[in-house]
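Here's upload_13.cif, which has mmCIF, C-alpha atoms and all ligand atoms:
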data_start
#
loop_
_atom_site.label_atom_id
_atom_site.label_comp_id
_atom_site.auth_asym_id
_atom_site.auth_seq_id
_atom_site.Cartn_x
_atom_site.Cartn_y
_atom_site.Cartn_z
CA MET K 1 234.44 20.34 56.43
CA LYS K 2 231.04 18.82 57.02
CA ASP K 3 228.39 20.94 58.67
CA VAL K 4 228.58 20.67 62.41
CA ASN K 5 225.64 20.52 64.71
CA PHE K 6 226.39 22.69 67.72
CA SER K 7 223.57 21.18 69.74
CA GLU K 8 225.30 17.80 69.38
CA ILE K 9 228.48 19.32 70.83
CA TYR K 10 226.67 20.81 73.81
CA LYS K 11 224.74 17.59 74.45
CA LYS K 12 227.92 15.53 74.38
CA ALA K 13 229.65 17.93 76.78
CA LYS K 14 226.76 17.78 79.26
CA ASN K 15 226.73 13.98 79.09
CA TYR K 16 230.40 14.02 80.07
CA GLU K 17 229.91 16.14 83.20
CA ASP K 18 231.06 13.32 85.50
CA LEU K 19 234.07 12.61 83.33
CA VAL K 20 235.24 16.24 83.24
CA SER K 21 234.71 16.44 87.02
CA SER K 22 236.96 13.41 87.49
CA TYR K 23 239.59 15.03 85.22
CA LEU K 24 239.62 18.15 87.39
CA SER K 25 239.67 16.21 90.65
CA ARG K 26 242.70 14.21 89.45
CA ILE K 27 244.55 17.36 88.36
CA ILE K 28 243.96 19.10 91.74
CA LYS K 29 245.27 16.03 93.60
CA THR K 30 248.71 16.47 92.00
CA PRO K 31 250.04 19.82 93.33
CA ALA K 32 252.16 22.08 91.09
CA MET K 33 253.52 25.44 92.20
CA SER K 34 255.41 27.63 89.70
CA ASN K 35 258.71 26.04 88.57
CA ASN K 36 257.72 22.70 90.15
CA GLU K 37 255.09 21.56 87.68
CA LYS K 38 256.71 18.31 86.52
CA ASP K 39 254.30 15.84 88.17
CA ARG K 40 251.19 17.67 86.96
CA ILE K 41 252.59 18.07 83.43
CA MET K 42 253.31 14.32 83.32
CA LEU K 43 249.78 13.57 84.54
CA LEU K 44 248.25 15.82 81.87
CA LYS K 45 250.49 14.30 79.21
CA SER K 46 249.22 10.82 80.01
CA MET K 47 245.61 12.11 80.08
CA CYS K 48 246.06 13.71 76.61
CA GLU K 49 247.58 10.48 75.28
CA GLN K 50 244.72 8.46 76.68
CA ILE K 51 242.15 10.78 75.08
CA GLY K 52 243.98 10.34 71.77
CA PHE K 53 245.18 13.81 70.75
CA ASP K 54 247.03 13.67 67.38
CA GLU K 55 250.29 14.90 68.90
CA VAL K 56 251.40 15.39 72.51
CA LYS K 57 254.76 16.96 73.35
CA ILE K 58 256.67 18.84 76.04
CA ASP K 59 258.80 21.81 74.98
CA GLY K 60 262.23 22.78 76.32
CA LEU K 61 260.83 24.96 79.12
CA GLY K 62 258.37 22.27 80.24
CA ASN K 63 255.06 23.40 78.70
CA LEU K 64 252.77 20.62 77.42
CA LEU K 65 251.31 21.00 73.93
CA ALA K 66 248.61 18.76 72.48
CA ARG K 67 247.30 19.04 68.93
CA ILE K 68 244.20 17.98 67.02
CA GLY K 69 244.06 18.58 63.25
CA ASN K 70 246.72 19.04 60.60
CA GLY K 71 246.26 22.54 59.22
CA PRO K 72 249.03 25.17 59.05
CA LYS K 73 247.18 27.81 61.09
CA LYS K 74 247.09 27.54 64.87
CA LEU K 75 244.14 28.17 67.15
CA VAL K 76 245.66 27.90 70.62
CA ILE K 77 243.53 27.23 73.69
CA ASP K 78 245.66 27.87 76.78
CA ALA K 79 245.54 26.96 80.47
CA HIS K 80 248.36 27.67 82.89
CA ILE K 81 248.55 24.65 85.12
CA ASP K 82 250.68 26.02 87.96
CA THR K 83 248.96 27.45 91.02
CA VAL K 84 249.89 29.71 93.88
CA GLY K 85 250.57 28.12 97.25
CA VAL K 86 247.99 27.33 99.91
CA GLY K 87 248.59 30.47 102.01
CA ASP K 88 247.17 30.27 105.53
CA GLN K 89 246.42 26.56 105.94
CA LYS K 90 244.13 27.33 108.91
CA ALA K 91 241.81 29.35 106.67
CA TRP K 92 240.99 26.17 104.72
CA THR K 93 238.14 23.96 105.92
CA LYS K 94 239.10 21.21 103.44
CA ASP K 95 242.41 19.72 102.33
CA PRO K 96 243.56 22.10 99.54
CA PHE K 97 244.56 19.10 97.40
CA SER K 98 241.55 16.87 98.06
CA GLY K 99 239.86 17.55 94.73
CA GLU K 100 236.66 16.76 96.60
CA ILE K 101 233.49 16.65 94.50
CA LYS K 102 230.48 17.65 96.59
CA ASP K 103 227.10 19.35 96.15
CA GLY K 104 227.81 20.60 92.64
CA TYR K 105 231.31 21.92 93.37
CA ILE K 106 234.89 20.72 93.10
CA TYR K 107 237.24 21.94 95.83
CA GLY K 108 240.94 22.63 96.00
CA ARG K 109 243.77 24.99 95.16
CA GLY K 110 243.53 25.82 91.46
CA ALA K 111 239.90 24.71 91.02
CA SER K 112 238.97 28.10 89.51
CA ASP K 113 242.48 29.48 88.79
CA GLN K 114 242.66 27.71 86.56
CA LEU K 115 242.61 23.97 86.46
CA GLY K 116 238.91 23.98 85.59
CA GLY K 117 239.92 25.51 82.26
CA ALA K 118 242.49 22.74 81.77
CA ALA K 119 239.90 20.00 82.52
CA SER K 120 237.40 21.58 80.10
CA MET K 121 240.11 21.67 77.43
CA LEU K 122 240.71 17.94 77.85
CA LEU K 123 237.00 17.29 77.38
CA ALA K 124 236.92 19.57 74.31
CA GLY K 125 239.75 17.50 72.83
CA LYS K 126 237.83 14.30 73.48
CA ILE K 127 234.69 15.72 71.83
CA LEU K 128 236.66 16.93 68.78
CA LYS K 129 238.22 13.48 68.35
CA GLU K 130 234.83 11.76 68.70
CA MET K 131 233.33 14.09 66.12
CA GLY K 132 236.20 13.39 63.72
CA TYR K 133 237.50 16.97 63.60
CA LYS K 134 239.50 17.54 60.41
CA SER K 135 240.71 20.72 58.72
CA ASP K 136 243.15 21.56 55.93
CA LYS K 137 243.51 25.08 57.30
CA TRP K 138 243.66 24.85 61.08
CA SER K 139 245.25 22.89 63.86
CA ILE K 140 243.75 23.18 67.31
CA TRP K 141 246.54 23.34 69.89
CA PHE K 142 245.81 22.85 73.58
CA SER K 143 248.61 24.37 75.66
CA PHE K 144 249.11 23.48 79.32
CA THR K 145 251.62 26.09 80.37
CA ILE K 146 253.84 26.80 83.37
CA ILE K 147 255.23 29.59 85.64
CA GLU K 148 252.20 31.86 85.02
CA GLU K 149 251.61 32.60 88.68
CA ASP K 150 255.20 33.78 89.09
CA CYS K 151 255.64 35.55 85.76
CA ASP K 152 252.54 35.76 83.56
CA GLY K 153 253.26 35.32 79.87
CA LEU K 154 256.86 34.11 80.27
CA CYS K 155 255.88 30.64 79.02
CA TRP K 156 254.49 32.22 75.83
CA LYS K 157 257.47 34.55 75.37
CA TYR K 158 259.57 31.38 75.44
CA LEU K 159 257.28 29.47 73.04
CA ILE K 160 257.16 32.33 70.53
CA GLU K 161 260.78 33.46 70.72
CA SER K 162 262.71 30.25 71.42
CA GLU K 163 260.46 27.52 69.97
CA LYS K 164 259.11 29.72 67.14
CA PHE K 165 255.62 28.52 68.06
CA MET K 166 253.38 31.38 66.92
CA PRO K 167 249.61 31.21 67.47
CA ASP K 168 247.26 32.76 64.90
CA LEU K 169 244.40 32.99 67.40
CA PHE K 170 244.54 32.59 71.17
CA ILE K 171 242.01 31.74 73.86
CA SER K 172 242.93 31.96 77.53
CA THR K 173 240.83 29.68 79.71
CA GLU K 174 241.46 31.62 82.94
CA PRO K 175 238.20 32.08 84.91
CA THR K 176 235.73 34.47 83.30
CA GLY K 177 232.51 33.10 84.78
CA LEU K 178 231.71 31.91 81.22
CA LYS K 179 231.78 35.46 79.86
CA ILE K 180 233.88 36.47 76.85
CA TYR K 181 236.76 38.69 77.93
CA ARG K 182 238.61 40.98 75.54
CA GLY K 183 241.37 42.59 77.58
CA HIS K 184 243.03 43.39 80.86
CA ARG K 185 245.33 46.02 82.31
CA GLY K 186 249.07 45.50 82.10
CA ARG K 187 251.54 45.90 84.90
CA MET K 188 255.19 46.43 85.65
CA GLU K 189 257.56 46.59 88.56
CA ILE K 190 260.02 49.46 88.83
CA GLU K 191 263.10 49.98 91.00
CA ILE K 192 264.48 53.44 91.74
CA ASN K 193 267.98 54.00 93.13
CA LEU K 194 268.77 57.46 94.48
CA LYS K 195 272.20 58.76 95.43
CA GLY K 196 272.61 61.40 98.12
CA LEU K 197 275.71 62.59 99.96
CA SER K 198 276.55 61.21 103.38
CA CYS K 199 278.09 63.21 106.17
CA HIS K 200 278.34 63.09 109.94
CA GLY K 201 274.97 63.07 111.64
CA SER K 202 276.10 65.95 113.89
CA ALA K 203 276.18 68.32 110.92
CA PRO K 204 273.44 67.22 108.50
CA GLU K 205 273.67 70.48 106.54
CA ARG K 206 276.88 69.19 104.96
CA GLY K 207 275.12 66.23 103.31
CA VAL K 208 272.26 65.48 100.95
CA SER K 209 269.88 63.06 102.67
CA ALA K 210 268.69 60.13 100.57
CA ALA K 211 265.93 59.64 103.18
CA TYR K 212 264.33 63.03 102.53
CA MET K 213 264.92 62.64 98.81
CA ALA K 214 263.21 59.21 98.75
CA SER K 215 260.34 60.57 100.86
CA ARG K 216 259.76 63.47 98.47
CA VAL K 217 259.86 61.08 95.52
CA ALA K 218 257.34 58.79 97.28
CA LEU K 219 254.96 61.72 97.80
CA GLY K 220 255.49 62.68 94.14
CA ILE K 221 254.45 59.15 93.16
CA GLU K 222 251.32 59.52 95.30
CA LYS K 223 250.50 62.69 93.36
CA LEU K 224 251.27 61.01 90.02
CA ASN K 225 248.83 58.22 90.90
CA LYS K 226 246.04 60.76 91.37
CA GLU K 227 246.84 62.38 88.03
CA LEU K 228 246.69 59.18 85.97
CA LYS K 229 243.74 59.22 83.58
CA PRO K 230 241.36 56.38 82.69
CA ASP K 231 241.42 54.97 79.14
CA LYS K 232 239.25 56.77 76.57
CA GLU K 233 236.80 53.89 76.27
CA LYS K 234 236.61 53.65 80.09
CA PHE K 235 236.81 49.86 79.66
CA LEU K 236 240.00 48.80 81.40
CA GLY K 237 239.85 51.64 83.90
CA LYS K 238 242.62 53.80 85.27
CA GLY K 239 246.28 52.91 85.55
CA THR K 240 247.76 53.09 89.04
CA VAL K 241 251.15 53.47 90.65
CA THR K 242 252.10 52.81 94.22
CA VAL K 243 255.29 52.61 96.28
CA SER K 244 255.45 49.02 97.53
CA MET K 245 258.80 49.22 99.34
CA MET K 246 261.35 51.85 100.47
CA LYS K 247 264.79 51.56 101.99
CA VAL K 248 267.47 54.05 102.91
CA SER K 249 270.96 53.43 104.20
CA GLY K 250 274.24 55.18 104.84
CA PRO K 251 277.63 54.56 106.41
CA SER K 252 276.25 54.50 109.98
CA GLN K 253 273.21 55.26 112.05
CA CYS K 254 274.99 58.46 113.08
CA ALA K 255 275.21 59.70 109.51
CA VAL K 256 273.07 61.27 106.81
CA PRO K 257 272.11 58.34 104.51
CA ASP K 258 273.33 58.47 100.92
CA ILE K 259 271.47 55.50 99.42
CA GLY K 260 267.74 55.57 98.68
CA TYR K 261 265.71 52.76 97.15
CA LEU K 262 262.05 52.63 96.13
CA TYR K 263 260.09 49.76 94.61
CA LEU K 264 256.94 50.52 92.64
CA ASP K 265 253.93 48.53 91.45
CA ARG K 266 252.52 50.11 88.30
CA ARG K 267 249.25 49.00 86.64
CA LEU K 268 248.91 50.09 83.03
CA THR K 269 245.74 50.92 81.14
CA THR K 270 245.20 51.21 77.38
CA GLY K 271 247.87 53.40 75.79
CA GLU K 272 250.22 53.27 78.78
CA THR K 273 253.51 51.63 77.84
CA LYS K 274 256.69 50.85 79.72
CA GLU K 275 258.40 53.86 78.12
CA LEU K 276 255.63 56.22 79.18
CA ALA K 277 255.60 54.87 82.74
CA ILE K 278 259.37 55.31 83.08
CA GLU K 279 259.25 58.82 81.62
CA GLN K 280 256.63 59.76 84.23
CA ILE K 281 258.82 58.43 87.05
CA GLU K 282 261.82 60.28 85.67
CA LYS K 283 259.85 63.54 85.79
CA VAL K 284 258.84 62.87 89.40
CA ILE K 285 262.45 62.25 90.41
CA LYS K 286 263.69 65.40 88.66
CA LYS K 287 260.95 67.50 90.23
CA TYR K 288 260.98 66.12 93.77
CA ALA K 289 264.52 64.82 94.36
CA GLY K 290 266.29 67.70 92.66
CA ILE K 291 269.17 65.54 91.46
CA ASN K 292 270.71 65.10 88.05
CA GLN K 293 270.79 62.02 85.87
CA SER K 294 274.03 60.57 87.23
CA GLU K 295 272.56 60.40 90.74
CA TYR K 296 269.61 58.12 90.11
CA ASN K 297 268.62 55.17 87.99
CA ILE K 298 265.30 53.57 87.13
CA ASN K 299 265.23 49.89 86.41
CA VAL K 300 262.67 47.21 85.47
CA PRO K 301 263.83 44.06 87.32
CA THR K 302 264.27 40.71 85.59
CA TYR K 303 262.56 37.41 86.46
CA SER K 304 265.28 34.81 86.60
CA LYS K 305 264.40 31.33 87.89
CA PRO K 306 264.93 28.02 86.11
CA SER K 307 261.85 26.03 85.07
CA TRP K 308 261.21 22.44 86.18
CA THR K 309 263.27 21.18 83.22
CA GLY K 310 266.24 23.27 84.42
CA LYS K 311 265.88 25.74 81.54
CA LEU K 312 266.55 29.39 82.42
CA PHE K 313 264.53 31.83 80.32
CA GLU K 314 264.51 35.36 81.69
CA GLN K 315 262.24 38.31 81.11
CA GLU K 316 261.80 41.78 82.54
CA LEU K 317 258.90 42.32 84.95
CA TYR K 318 256.85 44.18 82.36
CA PHE K 319 253.46 42.80 81.35
CA PRO K 320 251.85 44.84 78.59
CA THR K 321 248.19 45.86 78.52
CA TRP K 322 245.97 44.37 75.83
CA LYS K 323 242.49 44.96 74.54
CA PHE K 324 240.57 44.11 71.39
CA ASP K 325 237.50 46.10 70.40
CA GLU K 326 234.08 44.55 70.82
CA THR K 327 233.79 44.68 67.00
CA HIS K 328 237.12 42.88 66.40
CA PRO K 329 236.49 39.90 64.06
CA PHE K 330 237.72 37.34 66.62
CA VAL K 331 235.61 38.82 69.44
CA SER K 332 232.63 38.84 67.03
CA LEU K 333 233.29 35.22 66.06
CA ALA K 334 233.41 34.22 69.74
CA LYS K 335 230.10 36.02 70.42
CA LYS K 336 228.47 34.39 67.39
CA THR K 337 229.72 30.93 68.40
CA TYR K 338 228.41 31.43 71.94
CA GLN K 339 225.02 32.58 70.68
CA GLU K 340 224.60 29.64 68.30
CA LEU K 341 225.83 27.11 70.82
CA PHE K 342 223.88 28.23 73.90
CA GLU K 343 221.04 30.16 72.24
CA ALA K 344 221.80 33.09 74.51
CA LYS K 345 223.63 36.38 74.20
CA ALA K 346 227.24 36.39 75.42
CA VAL K 347 228.34 38.90 78.03
CA VAL K 348 231.60 40.64 77.07
CA ASP K 349 233.89 41.98 79.78
CA LYS K 350 237.50 42.11 81.03
CA TRP K 351 239.73 40.56 83.68
CA THR K 352 240.83 42.45 86.77
CA PHE K 353 244.00 40.36 86.98
CA SER K 354 246.67 39.63 84.39
CA THR K 355 247.01 36.44 82.31
CA ASN K 356 249.26 34.82 79.71
CA ALA K 357 247.50 37.00 77.13
CA THR K 358 249.75 39.83 78.34
CA CYS K 359 252.41 38.24 76.15
CA VAL K 360 250.38 36.79 73.27
CA ALA K 361 248.07 39.78 72.85
CA GLY K 362 250.06 42.49 74.68
CA ARG K 363 253.51 41.87 73.20
CA TYR K 364 252.59 40.17 69.91
CA ASN K 365 249.15 41.58 69.13
CA ILE K 366 247.78 38.14 68.29
CA PRO K 367 243.94 38.22 68.34
CA SER K 368 242.96 36.84 71.74
CA ILE K 369 239.93 36.37 73.94
CA GLY K 370 239.27 34.88 77.34
CA PHE K 371 236.59 32.32 78.10
CA GLY K 372 236.82 30.13 81.16
CA PRO K 373 234.89 28.25 83.80
CA GLY K 374 235.07 29.42 87.39
CA LEU K 375 235.17 32.83 89.02
CA GLU K 376 237.99 35.32 89.25
CA LYS K 377 237.16 36.01 92.89
CA GLU K 378 238.01 32.39 93.79
CA ALA K 379 241.58 32.88 92.57
CA HIS K 380 244.25 32.68 95.30
CA ALA K 381 241.52 32.54 98.00
CA PRO K 382 241.24 29.87 100.71
CA ASN K 383 238.61 27.15 100.10
CA GLU K 384 238.88 27.70 96.35
CA LYS K 385 236.16 25.92 94.40
CA ILE K 386 234.41 25.74 91.02
CA ALA K 387 230.84 24.99 90.00
CA ILE K 388 230.80 21.66 88.15
CA SER K 389 228.12 22.95 85.78
CA ASP K 390 230.64 25.46 84.32
CA LEU K 391 232.94 22.73 83.02
CA PRO K 392 230.83 21.22 80.19
CA VAL K 393 229.79 24.72 79.08
CA ALA K 394 233.42 25.76 78.65
CA ALA K 395 234.31 22.46 76.96
CA ALA K 396 231.44 22.86 74.48
CA PHE K 397 232.58 26.40 73.67
CA TYR K 398 236.17 25.30 72.96
CA ALA K 399 235.00 22.44 70.73
CA ALA K 400 232.50 24.66 68.90
CA ILE K 401 234.93 27.50 68.24
CA ALA K 402 237.41 24.98 66.77
CA PHE K 403 234.78 24.39 64.08
CA SER K 404 233.68 28.00 63.73
CA VAL K 405 237.22 29.36 63.04
CA GLU K 406 237.31 27.27 59.84
CA ASP K 407 236.46 30.22 57.59
CA PHE K 408 238.18 32.87 59.71
ZN ZN K 501 245.40 32.14 86.68
#

Could you write out this structure as structure tokens?
Amino acid sequence: MKDVNFSEIYKKAKNYEDLVSSYLSRIIKTPAMSNNEKDRIMLLKSMCEQIGFDEVKIDGLGNLLARIGNGPKKLVIDAHIDTVGVGDQKAWTKDPFSGEIKDGYIYGRGASDQLGGAASMLLAGKILKEMGYKSDKWSIWFSFTIIEEDCDGLCWKYLIESEKFMPDLFISTEPTGLKIYRGHRGRMEIEINLKGLSCHGSAPERGVSAAYMASRVALGIEKLNKELKPDKEKFLGKGTVTVSMMKVSGPSQCAVPDIGYLYLDRRLTTGETKELAIEQIEKVIKKYAGINQSEYNINVPTYSKPSWTGKLFEQELYFPTWKFDETHPFVSLAKKTYQELFEAKAVVDKWTFSTNATCVAGRYNIPSIGFGPGLEKEAHAPNEKIAISDLPVAAAFYAAIAFSVEDF
């Protein structure tokens, strides 16, 4: 490949600031909540075709994939294009789907989380085409994926397992404030069913109350949360566990209840797996409920909703942790690319929330980083916005790294 001038990439991106702003404004104006992304996917498909990507296709689940280059290896640059809902409409001072461009910002649901990333990807594609990107080794795939807000990583579990579409390198364009991110905590949801023994409420000593049992387990979980340790590197921070719901029931309100139910939210740091988390819960139940194995069960619930194409692809509500070291070759390459492109040192950090990388990096250990326009704190908030000046910076980075992976 011919030598590429990074300053030309950055200059081009900055010259296209109005264009990338109009891309984002158009995307925001077509709403798309999880499992209802059809209209936005169709819009993005026509935008990719207009820009002239080498291949544009929609997979069986309804993800949009656009390629530039013909090489066998895949650098994937990913944006989920679904958003959460509006929430409290009264908290918004602007129409959440206005896509209004004003005073250096673009407004609307998804502006930062994470349609800005999608718009910057479109501009990166345009720049790569204009610069005649060619490689015998790599293809640059731009993925516009779905259902992330409801079940992060499910779209990629589907792509990898059902479509056999396996990235070699992965970049999530979720908001990082233009920093390079190299990990985030994982999470899982856990259900606990406890079985007591019901009896008449007039003689509670004859029964085993699921209410007291569930309460003791809940207090045991509180204690477990305090005992959880941070990761060795102290990068991702401490895992957490909390009871998010409890229910007890029995044959009547004049009886000792025999059914106890707890729902837990567990955040996982480096080294904490699903198996470990379940083992810890099992210990709490044994210690605090004093019942044997046949009287309780622990379950990780399954996400089970059809996508906009009608395809049902299920997965358990377990989202593994991921992290790559600061010295990992892909993190190093990203830092080097940033430095050469912007003549400044990159800041390396992590997300607080979870992203599609939970599947790609967490389940499949594919080298991954995050780099995106916009701020994490804007995500899911009313009056969501993004600074326009972030968009060309992100686009330039995606175009530049497409060239710099050549010898990776
Ligand atoms: Zn997001």

Write as number ranges by chain the residues around ligand ZN 501 (chain K), taking 8 Å as the cut-off and counting only C-alpha atoms and all ligand atoms.
-> K: 80, 83, 113-114, 148-149, 174-175, 354-355, 379

What would the file look like if the residues just selected were written as a PDB file, in the coordinates of the input with C-alpha atoms?
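part25.pdb, freshly written:
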ATOM      1  CA  HIS K  80     248.360  27.670  82.890  1.00  0.00           C
ATOM      2  CA  THR K  83     248.960  27.450  91.020  1.00  0.00           C
ATOM      3  CA  ASP K 113     242.480  29.480  88.790  1.00  0.00           C
ATOM      4  CA  GLN K 114     242.660  27.710  86.560  1.00  0.00           C
ATOM      5  CA  GLU K 148     252.200  31.860  85.020  1.00  0.00           C
ATOM      6  CA  GLU K 149     251.610  32.600  88.680  1.00  0.00           C
ATOM      7  CA  GLU K 174     241.460  31.620  82.940  1.00  0.00           C
ATOM      8  CA  PRO K 175     238.200  32.080  84.910  1.00  0.00           C
ATOM      9  CA  SER K 354     246.670  39.630  84.390  1.00  0.00           C
ATOM     10  CA  THR K 355     247.010  36.440  82.310  1.00  0.00           C
ATOM     11  CA  ALA K 379     241.580  32.880  92.570  1.00  0.00           C
TER      12      ALA K 379
END

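Proximity to Pro382 in chain K at 8 Å, evaluated using all atoms listed in the file and with sequence-adjacent residues fewer than 3 positions away removed, yields K:Val86, K:Gly87, K:Asp88, K:Ala91, K:Trp92, K:Arg109.
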
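Closest approach to Lys38 in chain K among K:Ile147, K:Ile101, K:Ala381, K:Ile77 is made by K:Ile147 (distances from all atoms listed in the file).
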
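Of the listed residues (K:Lys223, K:Lys157, K:Arg363, K:Lys345), K:Lys345 comes nearest to Lys179 in chain K; the distances count all atoms listed in the file.
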
As a check of understanding: the span from CA of Thr321 in chain K to CA of Val284 in chain K is 22.8 Å

Work out how far CA of Lys323 in chain K is from CA of Glu272 in chain K, in Å to one decimal.
-> 12.1 Å

Any idea what the distance is between CA of Lys229 in chain K and CA of Gln293 in chain K?
-> 27.3 Å

Near Leu262 in chain K, counting all atoms listed in the file, which residues have an atom at most 8 Å away, once you skip same-chain residues fewer than 6 positions from it, shown as number ranges by chain?
-> K: 191-193, 214, 218, 243-247

Atom completion result for range 226-237 of chain K (N, CA and C atoms) as a compact mmCIF listing (two decimals), in the coordinates of the input:
# COMPACT_ATOMS: atom_id res chain seq x y z
N LYS K 226 247.32 60.04 91.44
CA LYS K 226 246.04 60.76 91.37
C LYS K 226 245.83 61.39 90.00
N GLU K 227 246.94 61.71 89.34
CA GLU K 227 246.84 62.38 88.03
C GLU K 227 246.63 61.42 86.86
N LEU K 228 246.84 60.14 87.08
CA LEU K 228 246.69 59.18 85.97
C LEU K 228 245.24 59.16 85.50
N LYS K 229 245.08 59.11 84.18
CA LYS K 229 243.74 59.22 83.58
C LYS K 229 243.22 57.83 83.16
N PRO K 230 241.91 57.63 83.22
CA PRO K 230 241.36 56.38 82.69
C PRO K 230 241.51 56.33 81.16
N ASP K 231 241.37 55.12 80.61
CA ASP K 231 241.42 54.97 79.14
C ASP K 231 240.20 55.64 78.53
N LYS K 232 240.33 56.02 77.26
CA LYS K 232 239.25 56.77 76.57
C LYS K 232 237.93 56.01 76.60
N GLU K 233 238.01 54.71 76.35
CA GLU K 233 236.80 53.89 76.27
C GLU K 233 236.20 53.64 77.67
N LYS K 234 237.00 53.93 78.70
CA LYS K 234 236.61 53.65 80.09
C LYS K 234 236.25 52.16 80.26
N PHE K 235 237.05 51.31 79.61
CA PHE K 235 236.81 49.86 79.66
C PHE K 235 237.76 49.20 80.66
N LEU K 236 239.04 49.44 80.49
CA LEU K 236 240.00 48.80 81.40
C LEU K 236 240.16 49.58 82.70
N GLY K 237 239.72 50.84 82.68
CA GLY K 237 239.85 51.64 83.90
C GLY K 237 241.18 52.37 83.93
